[in-house]
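Structure file upload25.cif with mmCIF, C-alpha atoms:
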data_input
#
loop_
_atom_site.label_atom_id
_atom_site.label_comp_id
_atom_site.auth_asym_id
_atom_site.auth_seq_id
_atom_site.Cartn_x
_atom_site.Cartn_y
_atom_site.Cartn_z
CA MET A 1 90.90 66.72 116.30
CA LYS A 2 89.78 68.81 113.37
CA THR A 3 87.14 71.49 113.62
CA LEU A 4 83.64 70.34 112.72
CA ALA A 5 81.94 72.74 110.32
CA PHE A 6 78.23 73.49 110.46
CA ALA A 7 78.19 76.69 108.47
CA SER A 8 74.52 76.39 107.51
CA LEU A 9 73.40 77.36 111.02
CA THR A 10 73.33 80.95 112.21
CA MET A 11 72.00 81.62 115.71
CA PHE A 12 70.43 84.80 117.03
CA PRO A 13 68.90 83.92 120.42
CA ILE A 14 66.40 86.49 121.71
CA LEU A 15 64.96 86.27 125.20
CA ALA A 16 61.38 87.46 125.35
CA ALA A 17 60.78 89.84 128.23
CA ALA A 18 58.73 88.38 131.08
CA GLN A 19 55.54 90.20 131.87
CA ALA A 20 55.68 92.22 135.06
CA GLY A 21 54.22 90.30 137.98
CA ALA A 22 54.25 86.95 136.16
CA ALA A 23 53.93 84.02 138.53
CA PRO A 24 56.74 81.48 138.86
CA SER A 25 56.52 78.77 136.17
CA ALA A 26 54.44 81.03 133.89
CA PRO A 27 55.26 80.22 130.25
CA LEU A 28 57.84 82.37 128.52
CA GLN A 29 58.80 82.44 124.86
CA ARG A 30 62.13 82.92 123.16
CA ASP A 31 62.69 83.20 119.40
CA VAL A 32 65.72 81.70 117.70
CA ARG A 33 66.54 82.46 114.06
CA TRP A 34 68.63 80.08 112.00
CA ILE A 35 69.45 79.00 108.45
CA ASP A 36 68.51 75.45 107.48
CA ALA A 37 70.41 73.05 105.20
CA GLN A 38 68.70 74.60 102.15
CA ASP A 39 69.88 78.11 103.14
CA ARG A 40 66.35 79.11 104.08
CA SER A 41 65.81 81.50 107.00
CA ARG A 42 63.82 79.94 109.83
CA VAL A 43 62.41 81.22 113.11
CA ALA A 44 61.54 78.89 115.97
CA THR A 45 59.83 79.83 119.23
CA GLN A 46 61.04 78.05 122.34
CA VAL A 47 58.73 77.70 125.36
CA LEU A 48 60.30 77.97 128.82
CA THR A 49 59.13 78.32 132.39
CA ARG A 50 60.62 80.58 135.04
CA ARG A 51 61.24 79.11 138.46
CA ALA A 52 60.74 81.04 141.67
CA ASP A 53 64.50 81.66 141.85
CA GLY A 54 64.45 83.29 138.40
CA ALA A 55 66.12 80.47 136.49
CA LEU A 56 64.65 79.45 133.13
CA VAL A 57 63.69 75.81 132.53
CA TYR A 58 63.70 74.31 129.03
CA ARG A 59 62.32 70.90 128.00
CA TYR A 60 62.65 69.43 124.53
CA ASP A 61 59.32 67.57 124.81
CA ARG A 62 57.41 70.81 125.43
CA GLN A 63 58.52 72.42 122.16
CA ALA A 64 56.74 72.75 118.85
CA THR A 65 58.29 71.09 115.79
CA PRO A 66 60.39 74.10 114.62
CA ALA A 67 62.00 74.51 118.05
CA ARG A 68 62.67 70.77 118.26
CA ARG A 69 64.34 70.86 114.87
CA TYR A 70 66.56 73.75 116.00
CA HIS A 71 67.61 71.75 119.06
CA GLU A 72 68.28 68.67 116.92
CA ARG A 73 70.48 70.61 114.51
CA MET A 74 72.49 72.15 117.35
CA CYS A 75 73.15 68.73 118.84
CA GLU A 76 74.13 67.35 115.43
CA LEU A 77 76.89 69.95 115.45
CA VAL A 78 78.52 68.41 118.54
CA GLY A 79 77.70 64.78 117.74
CA GLY A 80 74.66 64.22 119.95
CA VAL A 81 70.87 64.27 120.19
CA PRO A 82 68.56 66.46 122.32
CA ALA A 83 68.60 65.61 126.03
CA ALA A 84 65.32 64.80 127.75
CA GLY A 85 64.27 66.22 131.09
CA ASP A 86 64.77 69.68 132.54
CA THR A 87 67.61 71.91 131.36
CA VAL A 88 68.06 74.88 133.69
CA LEU A 89 69.54 78.19 132.50
CA GLY A 90 70.91 80.55 135.10
CA GLY A 91 72.86 83.80 135.42
CA ALA A 92 72.35 87.29 134.11
CA ASP A 93 73.38 86.69 130.49
CA ALA A 94 72.60 83.05 129.70
CA ALA A 95 70.42 82.59 126.61
CA GLY A 96 69.91 80.04 123.86
CA SER A 97 71.42 77.21 125.91
CA LEU A 98 70.77 73.52 125.26
CA ALA A 99 71.78 70.04 126.45
CA CYS A 100 72.68 67.09 124.21
CA THR A 101 72.98 63.39 125.00
CA LEU A 102 75.86 61.43 123.48
CA PRO A 103 76.26 57.70 122.89
CA ALA A 104 76.99 56.06 126.24
CA ASP A 105 80.54 55.10 125.25
CA ALA A 106 81.36 58.52 123.75
CA ALA A 107 83.47 61.13 125.50
CA GLY A 108 82.06 64.64 125.20
CA THR A 109 84.50 67.11 123.65
CA PRO A 110 84.55 70.58 125.24
CA GLY A 111 85.08 73.70 123.16
CA VAL A 112 83.38 76.78 121.73
CA VAL A 113 80.78 77.30 118.99
CA VAL A 114 81.30 80.54 117.06
CA ASP A 115 79.37 81.51 113.91
CA GLY A 116 78.10 78.00 113.27
CA LEU A 117 81.50 76.29 113.71
CA PHE A 118 82.45 73.98 116.55
CA HIS A 119 86.03 74.51 117.73
CA PRO A 120 87.18 71.76 120.14
CA SER A 121 89.21 72.96 123.09
CA PRO A 122 92.94 73.06 122.21
CA ARG A 123 94.02 72.60 125.83
CA PRO A 124 94.27 69.40 127.91
CA PRO A 125 92.21 69.17 131.11
CA ALA A 126 93.38 71.74 133.63
CA ASN A 127 93.13 69.40 136.62
CA ALA A 128 93.87 65.93 135.22
CA ALA A 129 95.63 64.92 138.45
CA ALA A 130 92.64 65.96 140.56
CA GLN A 131 90.33 64.07 138.23
CA GLY A 132 92.42 60.95 138.73
CA GLN A 133 92.03 61.24 142.49
CA ASP A 134 88.28 61.68 142.18
CA ALA A 135 88.06 58.74 139.78
CA ALA A 136 89.79 56.50 142.34
CA ARG A 137 87.29 57.51 145.01
CA ALA A 138 84.47 56.95 142.53
CA ASP A 139 85.63 53.39 141.84
CA ALA A 140 85.49 52.65 145.57
CA SER A 141 81.83 53.72 145.67
CA ASP A 142 80.88 52.07 142.34
CA ASP A 143 80.06 55.51 140.93
CA PHE A 144 82.13 57.45 138.40
CA ALA A 145 81.83 61.03 137.14
CA HIS A 146 83.90 62.91 134.55
CA ALA A 147 83.84 66.66 133.83
CA ALA A 148 85.26 68.68 130.92
CA ALA A 149 85.32 72.48 131.13
CA PRO A 150 84.81 74.72 128.06
CA GLY A 151 87.97 76.12 126.49
CA GLY A 152 89.12 77.88 123.33
CA ALA A 153 88.60 81.38 121.94
CA ALA A 154 85.59 83.62 121.28
CA PRO A 155 85.06 87.11 119.80
CA ARG A 156 84.46 90.12 122.02
CA GLY A 157 80.96 91.58 121.87
CA GLU A 158 79.32 88.64 120.09
CA ASN A 159 77.22 85.73 121.27
CA PHE A 160 79.08 82.42 121.43
CA GLN A 161 78.31 79.02 122.89
CA ALA A 162 80.64 77.40 125.39
CA VAL A 163 80.54 73.59 125.31
CA GLY A 164 81.15 71.57 128.46
CA GLY A 165 81.07 67.80 128.80
CA ALA A 166 80.11 65.33 131.51
CA GLY A 167 79.98 61.56 131.81
CA TYR A 168 78.63 59.15 134.41
CA SER A 169 78.58 55.45 135.20
CA SER A 170 77.27 53.50 138.19
CA GLU A 171 77.00 49.89 139.26
CA THR A 172 73.90 50.62 141.31
CA GLY A 173 72.31 53.34 139.15
CA GLY A 174 71.00 56.74 140.17
CA THR A 175 71.16 60.31 138.92
CA GLY A 176 73.97 62.06 137.08
CA SER A 177 74.00 65.85 137.19
CA ALA A 178 76.18 68.47 135.52
CA LYS A 179 76.64 72.21 135.56
CA THR A 180 78.68 74.26 133.09
CA SER A 181 79.45 77.83 134.09
CA LEU A 182 81.10 80.91 132.58
CA ASP A 183 82.49 83.93 134.39
CA ASN A 184 81.73 82.86 137.96
CA ASP A 185 78.14 81.80 137.24
CA ARG A 186 77.20 84.77 135.04
CA CYS A 187 76.05 82.26 132.38
CA THR A 188 75.18 78.74 133.51
CA ILE A 189 73.39 75.61 132.36
CA GLU A 190 72.46 72.55 134.44
CA GLN A 191 71.12 69.14 133.45
CA THR A 192 70.22 65.92 135.29
CA THR A 193 70.32 62.48 133.69
CA PRO A 194 69.01 59.13 135.00
CA VAL A 195 71.67 56.41 134.87
CA PRO A 196 70.54 52.75 134.95
CA ALA A 197 72.27 50.16 137.14
CA GLY A 198 75.46 49.04 135.44
CA GLY A 199 75.04 51.74 132.80
CA SER A 200 76.72 54.95 131.70
CA GLU A 201 75.65 58.23 130.11
CA SER A 202 77.43 61.19 128.47
CA VAL A 203 76.15 64.72 127.88
CA LEU A 204 77.30 68.01 126.39
CA LEU A 205 76.04 71.31 127.78
CA LEU A 206 75.95 74.32 125.43
CA VAL A 207 75.57 77.66 127.19
CA THR A 208 75.32 80.87 125.17
CA CYS A 209 77.00 83.94 126.61
CA ILE A 210 78.62 87.23 125.60
CA GLU A 211 81.64 89.17 126.88
CA GLN A 212 82.45 92.79 126.10
CA ARG A 213 86.06 92.84 127.34
CA VAL A 214 89.22 91.22 126.01
CA ARG A 215 90.28 88.82 128.75
CA ALA A 216 90.49 85.20 129.88
CA LEU A 217 86.94 84.18 130.82
CA PRO A 218 86.93 81.55 133.61
CA THR A 219 84.85 78.42 133.05
CA TYR A 220 84.11 75.22 134.90
CA THR A 221 82.06 72.04 134.60
CA ARG A 222 81.00 70.12 137.69
CA ALA A 223 79.64 66.59 137.26
CA CYS A 224 78.18 64.33 139.95
CA MET A 225 77.06 60.72 139.95
CA ASN A 226 74.94 60.43 143.07
CA ALA A 227 77.31 61.75 145.79
CA THR A 228 80.52 61.37 143.77
CA CYS A 229 81.52 64.69 142.17
CA VAL A 230 84.38 66.10 140.12
CA THR A 231 85.03 69.65 138.87
CA GLU A 232 87.28 70.80 136.04
CA ASN A 233 88.26 74.45 135.59
CA GLY A 234 89.21 76.11 132.30
CA PHE A 235 89.05 79.41 130.46
CA ILE A 236 88.03 80.94 127.14
CA ASP A 237 90.21 83.60 125.51
CA VAL A 238 87.98 86.53 124.52
CA LEU A 239 89.61 88.28 121.56
CA ASP A 240 89.03 91.52 119.66
CA LEU A 241 88.47 90.39 116.07
CA SER A 242 87.30 93.72 114.69
CA PRO A 243 89.34 95.09 111.72
CA PRO A 244 91.98 97.68 112.62
CA THR A 245 91.05 101.32 112.13
CA ARG A 246 93.19 103.70 110.11
#
What do you get writing this file as C-alpha cells?
Amino acid sequence: MKTLAFASLTMFPILAAAQAGAAPSAPLQRDVRWIDAQDRSRVATQVLTRRADGALVYRYDRQATPARRYHERMCELVGGVPAAGDTVLGGADAAGSLACTLPADAAGTPGVVVDGLFHPSPRPPANAAAQGQDAARADASDDFAHAAAPGGAAPRGENFQAVGGAGYSSETGGTGSAKTSLDNDRCTIEQTTPVPAGGSESVLLLVTCIEQRVRALPTYTRACMNATCVTENGFIDVLDLSPPTR
C-alpha cells in the first residue's frame, strides 16, 4: 500500500497547563497549529476535561468549529471521520491524540504519521496466530474483535502520531472498546464505540508521542467486543534523522 500524502497539515500540539488545585473535570484548553489546504496558518483550541485519575477526556461535539475542522482533517488523512463519544488520553507524554471512525466494512491500517504524511506499517501482524485463536472464540460467542498495533519508523526528538486500528462485530450488539499504547503506557488513547445488533464498526486511534532515544519503541492495541478481547503487539523504530556533523 502506498503512502498517503497530506503535506498541507503541520501539527504542533501544545498542552495547556492545568491550574493548581483544579477540580476533576474542570475544563482545560489545548492549542493546535496547522496549515490548511490554502497554505494558511490556523490555530484551533481544543477543550478537554481532566478526570480524577488525571486522564484527559476529549469529545468532538464539545469543540468549537476550528477544533472540529482540525479533527476532521486529521481523520481525512487516515480515511475516516471524527469518532463520537469520549476519547481518553493517558500517560505522561500523550498529547494531540484523536479517534476516527471508518466505514463499517473497512479495515483500519496501522502505521505512523510524521510531518503530515501517513506511513502504513510495513510489517504483518506480530501475533496473527493468536488473533486466529481469539477470532475462533469470538465466533462461538457471536462477538468478534480485531486489533492492529502501530508500526513503522519515527524520528528521535520529534512529535509523531502512532496509528492503531480496531474492529468489532456482534450478533447481539453491545460496546466495542480499544486502547492503543506506546512504550508501556507512557502514551495511550482509549475509545469506546456502540455496536448495533448484527452490526460492525471500525476505528483508528491516533496517539501523539515523542521519544528522545534511538530504539525500538514497544506498542500494542487491545480491542474488546463485550467480553471478547484480542491484543496485538508491535514496535516503532525510533531513528536519528539529524544531518551528520563534520
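A straight line drawn from atom CA of A:Gly198 to atom CA of A:Ala223 is 18.1 Å long.
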Spell out the residues picked by the PyMOL selection byres ((chain A and resi 76) around 12) here, as a compact mmCIF listing (two decimals) with C-alpha atoms, in the frame of the given file.
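Okay, this is what ended up in result_16.txt:
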# COMPACT_ATOMS: atom_id res chain seq x y z
CA LEU A 4 83.64 70.34 112.72
CA ALA A 5 81.94 72.74 110.32
CA PHE A 6 78.23 73.49 110.46
CA LEU A 9 73.40 77.36 111.02
CA ARG A 69 64.34 70.86 114.87
CA TYR A 70 66.56 73.75 116.00
CA HIS A 71 67.61 71.75 119.06
CA GLU A 72 68.28 68.67 116.92
CA ARG A 73 70.48 70.61 114.51
CA MET A 74 72.49 72.15 117.35
CA CYS A 75 73.15 68.73 118.84
CA LEU A 77 76.89 69.95 115.45
CA VAL A 78 78.52 68.41 118.54
CA GLY A 79 77.70 64.78 117.74
CA GLY A 80 74.66 64.22 119.95
CA VAL A 81 70.87 64.27 120.19
CA PRO A 82 68.56 66.46 122.32
CA ALA A 99 71.78 70.04 126.45
CA CYS A 100 72.68 67.09 124.21
CA THR A 101 72.98 63.39 125.00
CA LEU A 102 75.86 61.43 123.48
CA GLY A 116 78.10 78.00 113.27
CA LEU A 117 81.50 76.29 113.71
CA PHE A 118 82.45 73.98 116.55
CA LEU A 204 77.30 68.01 126.39
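Protein and nucleic acid residues near (73.8, 61.4, 137.5) are Tyr168, Ser169, Gly174, Thr175, Gly176, Ser177, Ala178, Thr192, Thr193, Pro194, Val195, Ala223, Cys224, Met225 and Asn226 of chain A, the criterion being any atom at most 8 Å away using all atoms listed in the file.
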Inset, instruction - Compile the contact shell of A:Ile236 as a PyMOL selection string: residues with an atom at most 6 Å away, counting all atoms listed in the file, same-chain residues fewer than 6 positions apart removed. - result: chain A and resi 151-153+216-217
Inset, instruction - Quick one: everything within 12 Å of A:Leu241, counting only C-alpha atoms, minus sequence neighbours fewer than 5 positions away in the same chain. Send it as a list in words. - result: Ala153, Ala154, Pro155, Arg156, Gly157, Glu158, Gln212, Arg213 and Val214 of chain A
Got a minute to add N, CA, C and O atoms to stretch 178-191 of chain A and dump it as a short mmCIF file (atom, residue, chain, number, x, y, z; two decimals), in the frame of the given file?
data_model
loop_
_atom_site.label_atom_id
_atom_site.label_comp_id
_atom_site.auth_asym_id
_atom_site.auth_seq_id
_atom_site.Cartn_x
_atom_site.Cartn_y
_atom_site.Cartn_z
N ALA A 178 75.05 67.67 135.99
CA ALA A 178 76.18 68.47 135.52
C ALA A 178 75.80 69.92 135.47
O ALA A 178 74.64 70.28 135.22
N LYS A 179 76.80 70.76 135.69
CA LYS A 179 76.64 72.21 135.56
C LYS A 179 77.85 72.76 134.84
O LYS A 179 78.99 72.47 135.22
N THR A 180 77.61 73.54 133.78
CA THR A 180 78.68 74.26 133.09
C THR A 180 78.47 75.74 133.32
O THR A 180 77.35 76.25 133.18
N SER A 181 79.55 76.43 133.67
CA SER A 181 79.45 77.83 134.09
C SER A 181 80.52 78.67 133.41
O SER A 181 81.65 78.20 133.20
N LEU A 182 80.17 79.91 133.09
CA LEU A 182 81.10 80.91 132.58
C LEU A 182 81.12 82.11 133.50
O LEU A 182 80.06 82.53 134.01
N ASP A 183 82.31 82.65 133.70
CA ASP A 183 82.49 83.93 134.39
C ASP A 183 81.83 83.92 135.77
O ASP A 183 81.02 84.79 136.09
N ASN A 184 82.21 82.92 136.58
CA ASN A 184 81.73 82.86 137.96
C ASN A 184 80.21 82.87 138.05
O ASN A 184 79.61 83.65 138.80
N ASP A 185 79.59 82.02 137.25
CA ASP A 185 78.14 81.80 137.24
C ASP A 185 77.34 82.92 136.59
O ASP A 185 76.13 83.02 136.79
N ARG A 186 77.97 83.76 135.77
CA ARG A 186 77.20 84.77 135.04
C ARG A 186 76.33 84.11 133.96
O ARG A 186 75.22 84.60 133.67
N CYS A 187 76.82 83.05 133.35
CA CYS A 187 76.05 82.26 132.38
C CYS A 187 76.20 80.80 132.76
O CYS A 187 77.33 80.28 132.79
N THR A 188 75.10 80.13 133.07
CA THR A 188 75.18 78.74 133.51
C THR A 188 74.10 77.89 132.84
O THR A 188 73.07 78.39 132.39
N ILE A 189 74.37 76.59 132.80
CA ILE A 189 73.39 75.61 132.36
C ILE A 189 73.56 74.37 133.22
O ILE A 189 74.69 73.99 133.55
N GLU A 190 72.43 73.74 133.61
CA GLU A 190 72.46 72.55 134.44
C GLU A 190 71.53 71.50 133.84
O GLU A 190 70.49 71.83 133.26
N GLN A 191 71.90 70.23 134.00
CA GLN A 191 71.12 69.14 133.45
C GLN A 191 71.27 67.92 134.34
O GLN A 191 72.35 67.64 134.86
#
